[in-house]
Amino acid sequence: MAASADGPAKEQARSEEYEDTPVPAVARRGLLSVSAVWFGFPMNLGNAVFGGVIVYNLGLPRGLGAILVGNLVLLAYVGVLSHAAARTGENFSLQAAGAFGARGRVPAAAFLSTVVIGWFSFQIGLTGTTLQQTLGWSPWVGALVGGVLYTAVTVVGIRALSLLGLVAAPLFVVLAVVALGFGLRDGDTSVGSALAYSGGGHALSFGAAVSIVVAGFADSGTMTADFTRWAKDGRSAVFATVCAFPFANGIAFGVGGLVVAVGGAVNPAVDGGGFLGLLTGHGPLLTGVAVLFVLANLGSVATHCLYNAAVGWSSLTRVRMRPLAVVLGLLGLLAALTGVWDAFLDWLNLLGVFVPPIGAVLVVDQIRRRRSARAVPTGFRTSAFVAWAAGATAAGLAHYLLPGAVDAVVGIIVAAAVLVTVDRRPAPVREAGVARASAGAPLA
């Protein structure tokens, strides 16, 4: 009887989202499931656009080099946080409690959980404009369809994100190859000349291009624990991170760069390497597949971002993740319909300045927790906020005064150095139960 009861109990545990408690061992997921969550996230049309912009400005060899460097930065940064998440089972908000304090986590977690709603809104708006270009729909209708569909998938939870990744990533690879084939066939560029493409613009430096790559996943990369806390161990979590950086993210950026290099982009300075236009006009079957691809591909990004937002705010407010996903999805849809997402590029620069120093604080805290047992501070950890402010200030100055610098890397290094320097004394040790209870305290 005990054995037969174990199955339903395990299934019930796996259906929970564990918004304010660590994921227990019984609910952990297999390597394929966790890897699919991260693999399907970065391989998207938006990153192809940015990859094309980078290659247009730097040329193909230097552009691919910048894309690789940016992905290696993300791998190191996200990999450490992912390993820690699998070890503890904690989501981003609980990780932030250890670094910023049980109450100090509120501004950090609320900030990032709100920022990713902007990403969700951007994907909805991009869905509307893409379907307008493909089918002639009103962009509002396309955005409405995307917003409702993406919210419904997110409500299902982590299982839906994994399944969507298993569909979206292979579909991206297949259609990207088809699009590149059409680009080479219909253009006057050979493979050799494409590989030697030297670019047509000079608006970006190498460092600025690396910053674009890092900033694109500065927020969800910092919140990686929401995904990798489901891994069975740290090694599995790091493997899932490798699937994203450099592989999936690098493929998406690289495909966009190749689209520009083969002459398949109409306006590469603005539209980059978006390749959907290469797939239309070849019959209703391929056009229909392209539409499904848009919904699966942009939906993969949108659902991940909405999941981050819902888990983060759920942990802070003690409202369950699923109803919060509906509310936040509606807010993101309204933002998309007002056109707020048009300010995306300026906002992306903002992310590269303010978000990475938060991750630096988390990384230093996780390293210290591995070396010695540290309880969660019950209030605000002042040194963490000082480090965050110092890192963001340094990254902002680098952005405006040192155009060739990688803003995110500057912010990470400065924040980590300041935290280590200022916070030399270990935090006072409290009872583990008290510390954990205060980590899950709702907003006052």
# chains A, B, ... in the order shown; residues from 1 in each chain; ligands from 1
>>> residues_around(residues="Gly104 in chain A", least_positions_apart="2", cutoff="7 Å", atoms="only C-alpha atoms", output="ChimeraX atom specification")
/A:97,100-102,106-107,379-381
>>> write_last_selection(atoms="C-alpha atoms", output="tab-separated table (two decimals), in the first residue's frame")
chain	number	residue	atom	x	y	z
A	97	ALA	CA	17.14	36.71	0.78
A	100	PHE	CA	20.29	41.01	0.64
A	101	GLY	CA	18.49	39.91	3.80
A	102	ALA	CA	14.97	38.58	4.33
A	106	VAL	CA	12.13	42.74	-1.55
A	107	PRO	CA	13.50	45.61	-3.68
A	379	GLY	CA	16.58	42.56	7.92
A	380	PHE	CA	18.49	44.48	5.27
A	381	ARG	CA	22.09	43.60	4.45
>>> residues_around(residues="Gly272 in chain A", least_positions_apart="4", cutoff="9 Å", atoms="only C-alpha atoms", output="VMD selection string")
chain A and resid 48 to 56 256 to 257 259 to 260 265 to 268
>>> write_last_selection(atoms="N, CA and C atoms", output="CSV table (one decimal), in the first residue's frame")
chain,number,residue,atom,x,y,z
A,48,ALA,N,18.1,36.6,-33.0
A,48,ALA,CA,18.6,36.6,-34.4
A,48,ALA,C,18.7,38.1,-34.9
A,49,VAL,N,17.7,38.9,-34.5
A,49,VAL,CA,17.7,40.3,-34.9
A,49,VAL,C,19.0,41.0,-34.4
A,50,PHE,N,19.3,40.8,-33.1
A,50,PHE,CA,20.5,41.4,-32.5
A,50,PHE,C,21.8,40.9,-33.0
A,51,GLY,N,21.8,39.6,-33.3
A,51,GLY,CA,23.0,39.0,-33.9
A,51,GLY,C,23.3,39.6,-35.3
A,52,GLY,N,22.2,39.9,-36.1
A,52,GLY,CA,22.4,40.5,-37.4
A,52,GLY,C,22.9,42.0,-37.2
A,53,VAL,N,22.4,42.7,-36.2
A,53,VAL,CA,22.9,44.0,-36.0
A,53,VAL,C,24.4,44.0,-35.6
A,54,ILE,N,24.8,43.1,-34.8
A,54,ILE,CA,26.2,43.0,-34.4
A,54,ILE,C,27.1,42.7,-35.6
A,55,VAL,N,26.7,41.7,-36.4
A,55,VAL,CA,27.5,41.4,-37.6
A,55,VAL,C,27.5,42.5,-38.6
A,56,TYR,N,26.4,43.2,-38.8
A,56,TYR,CA,26.3,44.3,-39.7
A,56,TYR,C,27.3,45.4,-39.3
A,256,GLY,N,21.3,34.9,-37.0
A,256,GLY,CA,21.0,36.3,-37.4
A,256,GLY,C,22.2,37.0,-38.1
A,257,GLY,N,23.4,36.7,-37.6
A,257,GLY,CA,24.6,37.2,-38.3
A,257,GLY,C,24.8,36.7,-39.7
A,259,VAL,N,22.4,35.5,-41.6
A,259,VAL,CA,21.4,36.1,-42.5
A,259,VAL,C,21.8,37.4,-43.1
A,260,VAL,N,22.4,38.2,-42.3
A,260,VAL,CA,23.0,39.5,-42.8
A,260,VAL,C,24.1,39.3,-43.8
A,265,ALA,N,18.9,40.1,-45.3
A,265,ALA,CA,18.2,41.1,-44.5
A,265,ALA,C,17.9,42.3,-45.3
A,266,VAL,N,16.7,42.8,-45.2
A,266,VAL,CA,16.3,44.0,-46.0
A,266,VAL,C,16.9,45.3,-45.4
A,267,ASN,N,16.9,45.4,-44.1
A,267,ASN,CA,17.4,46.6,-43.4
A,267,ASN,C,18.2,46.1,-42.2
A,268,PRO,N,19.4,45.6,-42.4
A,268,PRO,CA,20.1,45.0,-41.3
A,268,PRO,C,20.5,46.0,-40.2
>>> residues_around(residues="Gln366 in chain A", least_positions_apart="5", cutoff="9 Å", atoms="only C-alpha atoms", output="JSON, numbers by chain")
{"A": [80, 81, 84, 95, 98, 99, 361, 371]}
>>> write_last_selection(atoms="N, CA and C atoms", output="mmCIF file, in the first residue's frame")
data_model
loop_
_atom_site.group_PDB
_atom_site.id
_atom_site.type_symbol
_atom_site.label_atom_id
_atom_site.label_comp_id
_atom_site.auth_asym_id
_atom_site.auth_seq_id
_atom_site.Cartn_x
_atom_site.Cartn_y
_atom_site.Cartn_z
ATOM 1 N N VAL A 80 27.283 29.634 -12.142
ATOM 2 C CA VAL A 80 27.471 29.619 -10.684
ATOM 3 C C VAL A 80 26.133 29.681 -9.965
ATOM 4 N N LEU A 81 25.246 30.566 -10.417
ATOM 5 C CA LEU A 81 23.935 30.704 -9.780
ATOM 6 C C LEU A 81 23.082 29.459 -9.995
ATOM 7 N N ALA A 84 24.270 26.653 -7.614
ATOM 8 C CA ALA A 84 23.794 26.917 -6.258
ATOM 9 C C ALA A 84 22.308 26.625 -6.117
ATOM 10 N N GLN A 95 17.162 32.983 -2.985
ATOM 11 C CA GLN A 95 18.588 33.283 -3.105
ATOM 12 C C GLN A 95 18.860 34.730 -2.715
ATOM 13 N N GLY A 98 19.209 35.440 1.016
ATOM 14 C CA GLY A 98 20.504 35.152 1.602
ATOM 15 C C GLY A 98 21.504 36.259 1.355
ATOM 16 N N ALA A 99 21.403 36.908 0.199
ATOM 17 C CA ALA A 99 22.377 37.934 -0.163
ATOM 18 C C ALA A 99 22.006 39.315 0.356
ATOM 19 N N VAL A 361 26.414 40.131 -6.498
ATOM 20 C CA VAL A 361 26.162 40.003 -5.053
ATOM 21 C C VAL A 361 25.715 38.580 -4.725
ATOM 22 N N ARG A 371 31.464 27.867 1.627
ATOM 23 C CA ARG A 371 32.658 27.752 2.464
ATOM 24 C C ARG A 371 32.317 27.621 3.941
#
>>> residues_around(residues="Asp407 in chain A", least_positions_apart="5", cutoff="9 Å", atoms="only C-alpha atoms", output="list in words")
Gly207, Ala208, Val210, Ser211, Ala215, Asn349, Gly352, Val353, Ala394, Ala395, Gly396, Leu397, Ala398, His399, Leu402 and Ile412 of chain A
>>> write_last_selection(atoms="N, CA and C atoms", output="PDB file, in the first residue's frame")
ATOM      1  N   GLY A 207      33.265  45.863 -27.659  1.00  0.00           N
ATOM      2  CA  GLY A 207      32.755  45.810 -26.291  1.00  0.00           C
ATOM      3  C   GLY A 207      31.268  46.063 -26.204  1.00  0.00           C
ATOM      4  N   ALA A 208      30.782  47.002 -27.027  1.00  0.00           N
ATOM      5  CA  ALA A 208      29.342  47.285 -27.030  1.00  0.00           C
ATOM      6  C   ALA A 208      28.560  46.083 -27.534  1.00  0.00           C
ATOM      7  N   VAL A 210      29.485  42.897 -27.219  1.00  0.00           N
ATOM      8  CA  VAL A 210      29.484  41.932 -26.113  1.00  0.00           C
ATOM      9  C   VAL A 210      28.434  42.334 -25.077  1.00  0.00           C
ATOM     10  N   SER A 211      28.327  43.630 -24.819  1.00  0.00           N
ATOM     11  CA  SER A 211      27.347  44.119 -23.837  1.00  0.00           C
ATOM     12  C   SER A 211      25.922  43.789 -24.264  1.00  0.00           C
ATOM     13  N   ALA A 215      23.535  41.733 -21.920  1.00  0.00           N
ATOM     14  CA  ALA A 215      22.335  42.421 -21.432  1.00  0.00           C
ATOM     15  C   ALA A 215      21.060  41.703 -21.830  1.00  0.00           C
ATOM     16  N   ASN A 349      19.807  48.679 -22.694  1.00  0.00           N
ATOM     17  CA  ASN A 349      21.013  49.289 -22.138  1.00  0.00           C
ATOM     18  C   ASN A 349      20.894  49.461 -20.630  1.00  0.00           C
ATOM     19  N   GLY A 352      21.669  46.205 -18.787  1.00  0.00           N
ATOM     20  CA  GLY A 352      23.078  45.885 -18.716  1.00  0.00           C
ATOM     21  C   GLY A 352      23.811  46.651 -17.638  1.00  0.00           C
ATOM     22  N   VAL A 353      23.229  47.741 -17.183  1.00  0.00           N
ATOM     23  CA  VAL A 353      23.844  48.560 -16.129  1.00  0.00           C
ATOM     24  C   VAL A 353      23.384  48.132 -14.745  1.00  0.00           C
ATOM     25  N   ALA A 394      29.352  52.159 -11.561  1.00  0.00           N
ATOM     26  CA  ALA A 394      30.525  51.907 -12.395  1.00  0.00           C
ATOM     27  C   ALA A 394      30.124  51.492 -13.803  1.00  0.00           C
ATOM     28  N   ALA A 395      29.100  50.637 -13.920  1.00  0.00           N
ATOM     29  CA  ALA A 395      28.639  50.198 -15.237  1.00  0.00           C
ATOM     30  C   ALA A 395      28.055  51.367 -16.021  1.00  0.00           C
ATOM     31  N   GLY A 396      27.311  52.243 -15.331  1.00  0.00           N
ATOM     32  CA  GLY A 396      26.745  53.413 -15.994  1.00  0.00           C
ATOM     33  C   GLY A 396      27.822  54.361 -16.501  1.00  0.00           C
ATOM     34  N   LEU A 397      28.845  54.589 -15.682  1.00  0.00           N
ATOM     35  CA  LEU A 397      29.948  55.453 -16.109  1.00  0.00           C
ATOM     36  C   LEU A 397      30.694  54.839 -17.289  1.00  0.00           C
ATOM     37  N   ALA A 398      30.880  53.523 -17.233  1.00  0.00           N
ATOM     38  CA  ALA A 398      31.560  52.845 -18.341  1.00  0.00           C
ATOM     39  C   ALA A 398      30.764  52.983 -19.632  1.00  0.00           C
ATOM     40  N   HIS A 399      29.436  52.899 -19.502  1.00  0.00           N
ATOM     41  CA  HIS A 399      28.586  52.987 -20.690  1.00  0.00           C
ATOM     42  C   HIS A 399      28.741  54.332 -21.391  1.00  0.00           C
ATOM     43  N   LEU A 402      33.286  55.124 -21.407  1.00  0.00           N
ATOM     44  CA  LEU A 402      34.189  54.134 -22.014  1.00  0.00           C
ATOM     45  C   LEU A 402      33.398  53.300 -23.013  1.00  0.00           C
ATOM     46  N   ILE A 412      29.785  43.844 -12.708  1.00  0.00           N
ATOM     47  CA  ILE A 412      29.973  42.605 -11.937  1.00  0.00           C
ATOM     48  C   ILE A 412      31.250  42.670 -11.113  1.00  0.00           C
TER      49      ILE A 412
END
>>> atom_distance(atom1="CA of Thr21 in chain A", atom2="CA of Asn91 in chain A")
8.1 Å
>>> residues_around(residues="Leu68 in chain A", least_positions_apart="4", cutoff="10 Å", atoms="only C-alpha atoms", output="ChimeraX atom specification")
/A:62-64,72-74,210,213,245-247,249-250,253-254
>>> closest_residue(among="A:Ala231, A:Leu328, A:Ala179, A:Leu204", to="Leu258 in chain A", atoms="only C-alpha atoms")
A:Ala179
>>> residues_around(residues="Leu32 in chain A", least_positions_apart="6", cutoff="10 Å", atoms="only C-alpha atoms", output="list in words")
Phe39, Ser162, Leu166, Ala231, Ser236, Phe239 and Ala240 of chain A
>>> write_last_selection(atoms="N, CA and C atoms", output="compact mmCIF listing (two decimals), in the first residue's frame")
# COMPACT_ATOMS: atom_id res chain seq x y z
N PHE A 39 17.29 25.45 -22.92
CA PHE A 39 17.68 25.37 -24.32
C PHE A 39 16.69 26.10 -25.22
N SER A 162 9.15 23.30 -20.32
CA SER A 162 10.03 22.25 -20.81
C SER A 162 9.54 21.70 -22.15
N LEU A 166 11.23 21.91 -26.08
CA LEU A 166 11.51 20.75 -26.92
C LEU A 166 10.95 20.91 -28.33
N ALA A 231 16.67 21.00 -11.01
CA ALA A 231 17.65 19.98 -11.38
C ALA A 231 17.97 19.09 -10.19
N SER A 236 23.94 18.80 -13.19
CA SER A 236 22.84 18.85 -14.15
C SER A 236 22.43 20.30 -14.43
N PHE A 239 24.98 21.85 -16.72
CA PHE A 239 24.80 21.33 -18.08
C PHE A 239 23.65 22.04 -18.77
N ALA A 240 22.56 22.26 -18.04
CA ALA A 240 21.42 22.99 -18.61
C ALA A 240 21.83 24.41 -18.99
>>> residues_around(residues="Arg424 in chain A", least_positions_apart="5", cutoff="12 Å", atoms="only C-alpha atoms", output="mmCIF file with N, CA and C atoms, in the first residue's frame")
data_model
loop_
_atom_site.group_PDB
_atom_site.id
_atom_site.type_symbol
_atom_site.label_atom_id
_atom_site.label_comp_id
_atom_site.auth_asym_id
_atom_site.auth_seq_id
_atom_site.Cartn_x
_atom_site.Cartn_y
_atom_site.Cartn_z
ATOM 1 N N VAL A 364 28.801 36.090 -4.968
ATOM 2 C CA VAL A 364 29.697 36.187 -3.804
ATOM 3 C C VAL A 364 29.050 35.539 -2.581
ATOM 4 N N ASP A 365 27.750 35.776 -2.407
ATOM 5 C CA ASP A 365 27.055 35.185 -1.260
ATOM 6 C C ASP A 365 27.031 33.666 -1.352
ATOM 7 N N ARG A 368 30.386 32.193 -0.445
ATOM 8 C CA ARG A 368 30.600 32.235 1.004
ATOM 9 C C ARG A 368 29.773 31.183 1.712
ATOM 10 N N SER A 383 25.613 46.075 3.213
ATOM 11 C CA SER A 383 26.775 45.934 2.341
ATOM 12 C C SER A 383 26.381 45.452 0.951
ATOM 13 N N ALA A 384 25.344 44.626 0.864
ATOM 14 C CA ALA A 384 24.894 44.126 -0.442
ATOM 15 C C ALA A 384 24.337 45.264 -1.294
ATOM 16 N N ALA A 417 33.871 43.183 -5.909
ATOM 17 C CA ALA A 417 35.015 43.709 -5.151
ATOM 18 C C ALA A 417 34.560 44.544 -3.964
ATOM 19 N N VAL A 418 33.535 45.364 -4.167
ATOM 20 C CA VAL A 418 33.039 46.210 -3.079
ATOM 21 C C VAL A 418 32.431 45.363 -1.971
ATOM 22 N N LEU A 419 31.661 44.339 -2.345
ATOM 23 C CA LEU A 419 31.029 43.502 -1.326
ATOM 24 C C LEU A 419 32.077 42.772 -0.487
#
>>> atom_distance(atom1="CA of Ala310 in chain A", atom2="CA of Phe385 in chain A")
24.0 Å
>>> select_by_dssp(residues="range 6-149 of chain A", states="helix (DSSP H, G or I)", output="MDAnalysis selection string")
chainID A and resid 6:15 25:27 31:39 45:58 60:88 92:100 105:135 139:149
>>> atom_distance(atom1="CA of Glu19 in chain A", atom2="CA of Ser315 in chain A")
5.2 Å
